[in-house]
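So this one's protein_32.cif, mmCIF, C-alpha atoms:
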```
data_run
#
loop_
_atom_site.label_atom_id
_atom_site.label_comp_id
_atom_site.auth_asym_id
_atom_site.auth_seq_id
_atom_site.Cartn_x
_atom_site.Cartn_y
_atom_site.Cartn_z
CA MET P 14 36.68 -12.55 -36.81
CA ALA P 15 33.81 -10.27 -35.83
CA ARG P 16 34.35 -7.12 -33.83
CA ARG P 17 32.13 -4.31 -32.57
CA ASN P 18 33.07 -0.73 -33.41
CA SER P 19 32.40 2.29 -31.23
CA ASP P 20 28.84 2.58 -32.59
CA ASP P 21 28.19 -1.05 -31.51
CA GLU P 22 27.89 -2.28 -35.11
CA LEU P 23 29.08 -5.79 -35.89
CA LEU P 24 32.01 -5.67 -38.32
CA MET P 25 33.30 -8.66 -40.27
CA GLU P 26 37.05 -8.71 -40.98
CA ASP P 27 36.81 -11.19 -43.84
CA ASP P 28 34.13 -12.69 -46.02
CA LEU P 29 34.59 -16.25 -44.75
CA SER P 30 33.66 -15.33 -41.20
CA ALA P 31 30.37 -13.91 -42.48
CA ALA P 32 29.39 -17.14 -44.27
CA PHE P 33 28.15 -18.90 -41.14
CA LEU P 34 26.58 -16.74 -38.44
CA GLY P 35 26.09 -18.27 -35.01
CA ASP P 36 23.56 -16.99 -32.51
CA ASP P 37 26.40 -16.07 -30.14
CA LEU P 38 27.32 -13.14 -32.44
CA ALA P 39 23.95 -11.54 -31.84
CA THR P 40 24.52 -11.30 -28.10
CA GLU P 41 26.48 -8.56 -26.43
CA GLY P 42 30.16 -9.03 -25.79
CA THR P 43 32.50 -11.30 -27.67
CA ALA P 44 32.66 -15.06 -27.82
CA PRO P 45 35.69 -16.65 -26.10
CA ALA P 46 37.24 -17.67 -29.45
CA GLU P 47 36.92 -14.09 -30.71
CA ALA P 48 38.74 -12.75 -27.70
CA GLY P 49 41.59 -15.21 -28.34
CA MET P 50 40.84 -17.16 -25.18
CA GLN P 51 40.22 -20.85 -24.67
CA PRO P 52 36.52 -21.34 -23.80
CA GLN P 53 35.82 -22.73 -20.37
CA GLU P 54 33.83 -25.96 -20.22
CA ASP P 55 30.92 -24.27 -18.45
CA GLU P 56 30.78 -21.53 -21.14
CA TRP P 57 30.51 -23.83 -24.15
CA ASP P 58 28.74 -27.16 -24.23
CA GLU P 59 28.67 -28.71 -27.71
CA GLU P 60 25.61 -30.82 -26.91
CA ASP P 61 23.60 -27.66 -26.17
CA SER P 62 24.97 -25.69 -29.12
CA VAL P 63 22.62 -24.21 -31.69
CA PRO P 64 23.31 -24.94 -35.37
CA GLY P 65 25.08 -22.15 -37.23
CA GLN P 66 22.95 -19.94 -39.40
CA LEU P 67 23.74 -19.71 -43.09
CA ALA P 68 24.08 -16.21 -44.60
CA LEU P 69 21.99 -15.70 -47.75
CA ASP P 70 21.56 -13.28 -50.64
CA VAL P 71 18.03 -13.16 -52.10
CA TYR P 72 17.27 -11.15 -55.24
CA GLU P 73 15.12 -11.23 -58.35
CA THR P 74 15.61 -10.94 -62.07
CA ARG P 75 12.84 -10.39 -64.59
CA GLU P 76 11.86 -14.10 -64.64
CA LYS P 77 13.54 -15.65 -61.55
CA LEU P 78 13.93 -15.38 -57.79
CA ILE P 79 17.53 -16.22 -56.86
CA VAL P 80 18.86 -17.39 -53.48
CA LYS P 81 22.65 -17.64 -53.04
CA ALA P 82 24.56 -19.02 -50.08
CA ARG P 83 28.29 -19.44 -49.51
CA THR P 84 28.79 -23.08 -48.70
CA ALA P 85 32.55 -23.38 -49.22
CA GLY P 86 33.83 -26.69 -47.90
CA VAL P 87 30.41 -28.35 -47.88
CA ASN P 88 29.96 -31.47 -49.99
CA LYS P 89 26.72 -31.45 -52.00
CA ASN P 90 25.86 -34.81 -50.38
CA ASP P 91 25.91 -33.00 -47.01
CA LEU P 92 23.31 -30.43 -48.14
CA ASP P 93 19.55 -30.77 -47.78
CA VAL P 94 17.48 -28.18 -49.65
CA SER P 95 13.68 -28.26 -49.43
CA ILE P 96 10.65 -26.03 -49.99
CA ALA P 97 7.20 -26.20 -48.43
CA ASP P 98 4.47 -23.55 -48.36
CA ASN P 99 6.77 -20.96 -50.00
CA THR P 100 9.41 -21.48 -47.26
CA LEU P 101 12.93 -22.49 -48.30
CA THR P 102 15.05 -24.54 -45.91
CA ILE P 103 18.76 -25.24 -46.36
CA ARG P 104 20.49 -27.62 -43.95
CA GLY P 105 23.96 -29.06 -44.03
CA THR P 106 27.12 -30.04 -42.24
CA LEU P 107 30.52 -28.43 -42.53
CA SER P 108 33.17 -30.99 -41.61
CA ALA P 109 36.58 -30.01 -40.26
CA GLY P 110 37.98 -33.42 -41.20
CA GLU P 111 39.93 -35.70 -38.89
CA GLU P 112 41.43 -33.97 -35.86
CA ALA P 113 42.09 -36.94 -33.57
CA ASP P 114 45.61 -35.70 -32.69
CA VAL P 115 44.49 -32.28 -31.39
CA GLU P 116 45.25 -31.83 -27.71
CA ASN P 117 44.50 -28.13 -27.31
CA TYR P 118 43.20 -25.28 -29.48
CA PHE P 119 44.88 -21.91 -29.09
CA LEU P 120 42.40 -20.20 -31.38
CA GLN P 121 39.23 -21.59 -32.96
CA GLU P 122 37.26 -19.16 -35.12
CA CYS P 123 36.01 -21.38 -37.93
CA TYR P 124 32.51 -22.75 -37.63
CA TRP P 125 32.32 -26.53 -38.04
CA GLY P 126 29.19 -28.61 -37.69
CA GLU P 127 25.55 -28.37 -38.60
CA PHE P 128 23.97 -25.25 -40.06
CA SER P 129 20.39 -24.47 -41.00
CA ARG P 130 18.43 -21.61 -42.49
CA SER P 131 14.74 -21.26 -43.31
CA ILE P 132 13.25 -18.22 -45.00
CA ALA P 133 9.83 -17.34 -46.31
CA LEU P 134 10.30 -16.47 -49.95
CA PRO P 135 9.33 -12.83 -50.60
CA ILE P 136 7.28 -13.57 -53.74
CA PRO P 137 5.26 -16.55 -55.03
CA VAL P 138 7.31 -19.10 -57.00
CA LYS P 139 6.56 -22.23 -58.99
CA GLU P 140 7.64 -24.96 -56.57
CA ASP P 141 7.94 -27.48 -59.40
CA GLU P 142 10.38 -25.29 -61.41
CA ILE P 143 13.49 -24.99 -59.25
CA GLU P 144 17.15 -25.34 -60.18
CA ALA P 145 19.86 -25.75 -57.53
CA VAL P 146 23.56 -25.66 -58.43
CA LEU P 147 26.61 -25.95 -56.15
CA LYS P 148 29.64 -24.45 -57.90
CA GLU P 149 32.91 -23.18 -56.44
CA GLY P 150 31.52 -23.09 -52.90
CA VAL P 151 28.36 -21.14 -53.78
CA LEU P 152 24.91 -22.73 -53.67
CA THR P 153 22.60 -20.99 -56.14
CA ILE P 154 18.89 -21.79 -56.14
CA ALA P 155 16.79 -20.31 -58.97
CA PHE P 156 12.99 -20.27 -58.72
CA THR P 157 10.64 -19.40 -61.57
CA LYS P 158 8.39 -16.57 -60.42
CA VAL P 159 4.62 -16.91 -60.61
CA LYS P 160 3.36 -14.27 -63.01
CA GLN P 161 0.65 -12.22 -61.40
CA ASP P 162 -1.66 -9.79 -63.07
CA THR P 163 -0.98 -6.27 -61.92
CA VAL P 164 -4.68 -5.57 -61.51
CA LYS P 165 -7.22 -8.22 -60.67
CA LYS P 166 -10.84 -7.32 -61.29
CA ILE P 167 -13.18 -8.36 -58.48
CA GLN P 168 -16.78 -9.05 -59.35
CA ILE P 169 -19.35 -7.59 -56.97
CA LEU P 170 -22.32 -9.85 -56.25
#
```
Could you write out this structure as structure tokens?
Amino acid sequence: MARRNSDDELLMEDDLSAAFLGDDLATEGTAPAEAGMQPQEDEWDEEDSVPGQLALDVYETREKLIVKARTAGVNKNDLDVSIADNTLTIRGTLSAGEEADVENYFLQECYWGEFSRSIALPIPVKEDEIEAVLKEGVLTIAFTKVKQDTVKKIQIL
């Protein structure tokens, strides 16, 4: 559950709620589910909903650029990872399973459905040397960095 403190900062009460960030958290006020209320039909239309946004960690080691994403509950067959023009895109679907018997939710805070995230990689990478591993709910993508000379001499004509 996300909550705003007195300085209007967004606080996350547990790590799972931070894994998938919806656009509704960026707007002022709280979402109906966060306030413990049942959303009204005119407030929430699933057909018009925006896919959730996947939270990422991006860092580098001496030889690699690493991107990590918490994807707990996502089957690797439901993930689509691609790169084009130094932009990484991760798409997927988080399924809640069968809930045909549900008549009414009293509280719904978990994000279920499609999510997507695209980021421009901060440094050049070798697009043909990428390793992606899904282990224990964490997607780790390792890119080999392109070695660049620190100083490039430019010839004057």
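Excluding P:Gly86 itself and any same-chain residue fewer than 4 positions from it, the protein and nucleic acid residues within 9 Å of it, counting all atoms listed in the file, are Leu107, Ser108, Ala109 and Gly150 of chain P.
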request  = For the structure shown, which residues end up in the PyMOL selection byres ((chain P and resi 156) around 7)? Put them as a VMD selection string, please?
outcome  = chain P and resid 77 to 79 138 to 139 142 to 144 154 to 155 157 to 158
request  = May I ask for the distance between atom CA of P:Lys160 and atom CA of P:Leu69, given in Å to one decimal place?
outcome  =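 So the answer is 24.1 Å.
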query = To one decimal place, how far is atom CA of P:Leu134 from atom CA of P:Ala82 in Å?
reply = 14.5 Å
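For the file at hand, the PyMOL selection byres ((chain P and resi 96) around 10) resolves to Val94, Ser95, Ala97, Asp98, Asn99, Thr100, Leu101, Thr102, Ile103, Ser131, Ile132, Ala133, Leu134, Glu140, Asp141 and Ile143 of chain P.
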task = Using all atoms listed in the file, find the one residue out of P:Val115, P:Val87, P:Leu67, P:Ile136 that sits nearest to P:Gln161.
result = P:Ile136
key: Between atom CA of P:Arg83 and atom CA of P:Glu112 - distance in Å to one decimal   =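 It comes out at 23.9 Å.
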Top pick for closest residue to P:Gly105, considering P:Phe128, P:Asn90, P:Leu170, P:Cys123 and counting all atoms listed in the file = P:Phe128
key: Selected residue of minimal separation from P:Glu73 among P:Asp93, P:Pro137, P:Ala113, P:Ile169, counting only C-alpha atoms   =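 Closest candidate: P:Pro137.
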ask   = Hey, what's within 10 Å of P:Lys89 if we count all atoms listed in the file and toss same-chain stuff fewer than 5 positions away? As an NGL selection string, please?
value = :P and (84 or 105-106 or 146-148 or 150 or 152)
Output for the residues just chosen: C-alpha atoms as a tab-separated table (two decimals), in the frame of the given file:
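Done, and the output landed in out.tsv:
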```
chain	number	residue	atom	x	y	z
P	84	THR	CA	28.79	-23.08	-48.70
P	105	GLY	CA	23.96	-29.06	-44.03
P	106	THR	CA	27.12	-30.04	-42.24
P	146	VAL	CA	23.56	-25.66	-58.43
P	147	LEU	CA	26.61	-25.95	-56.15
P	148	LYS	CA	29.64	-24.45	-57.90
P	150	GLY	CA	31.52	-23.09	-52.90
P	152	LEU	CA	24.91	-22.73	-53.67
```
Return stretch 64-78 of chain P, completed with N, CA and C atoms, as a JSON list (two decimals), in the coordinates of the input.
```json
[["chain", "number", "residue", "atom", "x", "y", "z"],
["P", 64, "PRO", "N", 22.67, -24.89, -34.06],
["P", 64, "PRO", "CA", 23.31, -24.94, -35.37],
["P", 64, "PRO", "C", 23.62, -23.54, -35.89],
["P", 65, "GLY", "N", 24.72, -23.43, -36.63],
["P", 65, "GLY", "CA", 25.08, -22.15, -37.23],
["P", 65, "GLY", "C", 24.02, -21.72, -38.22],
["P", 66, "GLN", "N", 23.95, -20.45, -38.47],
["P", 66, "GLN", "CA", 22.95, -19.94, -39.40],
["P", 66, "GLN", "C", 23.64, -19.49, -40.67],
["P", 67, "LEU", "N", 23.16, -19.96, -41.79],
["P", 67, "LEU", "CA", 23.74, -19.71, -43.09],
["P", 67, "LEU", "C", 23.36, -18.31, -43.59],
["P", 68, "ALA", "N", 24.35, -17.54, -44.03],
["P", 68, "ALA", "CA", 24.08, -16.21, -44.60],
["P", 68, "ALA", "C", 23.61, -16.36, -46.04],
["P", 69, "LEU", "N", 22.60, -15.58, -46.42],
["P", 69, "LEU", "CA", 21.99, -15.70, -47.75],
["P", 69, "LEU", "C", 21.93, -14.35, -48.45],
["P", 70, "ASP", "N", 21.93, -14.41, -49.79],
["P", 70, "ASP", "CA", 21.56, -13.28, -50.64],
["P", 70, "ASP", "C", 20.30, -13.71, -51.37],
["P", 71, "VAL", "N", 19.28, -12.86, -51.40],
["P", 71, "VAL", "CA", 18.03, -13.16, -52.10],
["P", 71, "VAL", "C", 17.72, -11.96, -53.00],
["P", 72, "TYR", "N", 17.58, -12.22, -54.30],
["P", 72, "TYR", "CA", 17.27, -11.15, -55.24],
["P", 72, "TYR", "C", 16.45, -11.70, -56.39],
["P", 73, "GLU", "N", 15.93, -10.79, -57.21],
["P", 73, "GLU", "CA", 15.12, -11.23, -58.35],
["P", 73, "GLU", "C", 15.64, -10.65, -59.64],
["P", 74, "THR", "N", 15.40, -11.41, -60.71],
["P", 74, "THR", "CA", 15.61, -10.94, -62.07],
["P", 74, "THR", "C", 14.22, -10.81, -62.67],
["P", 75, "ARG", "N", 14.14, -10.54, -63.95],
["P", 75, "ARG", "CA", 12.84, -10.39, -64.59],
["P", 75, "ARG", "C", 11.99, -11.66, -64.46],
["P", 76, "GLU", "N", 12.60, -12.83, -64.62],
["P", 76, "GLU", "CA", 11.86, -14.10, -64.64],
["P", 76, "GLU", "C", 12.07, -14.97, -63.41],
["P", 77, "LYS", "N", 13.14, -14.72, -62.62],
["P", 77, "LYS", "CA", 13.54, -15.65, -61.55],
["P", 77, "LYS", "C", 13.69, -14.95, -60.20],
["P", 78, "LEU", "N", 13.54, -15.76, -59.14],
["P", 78, "LEU", "CA", 13.93, -15.38, -57.79],
["P", 78, "LEU", "C", 15.18, -16.20, -57.50]]
```
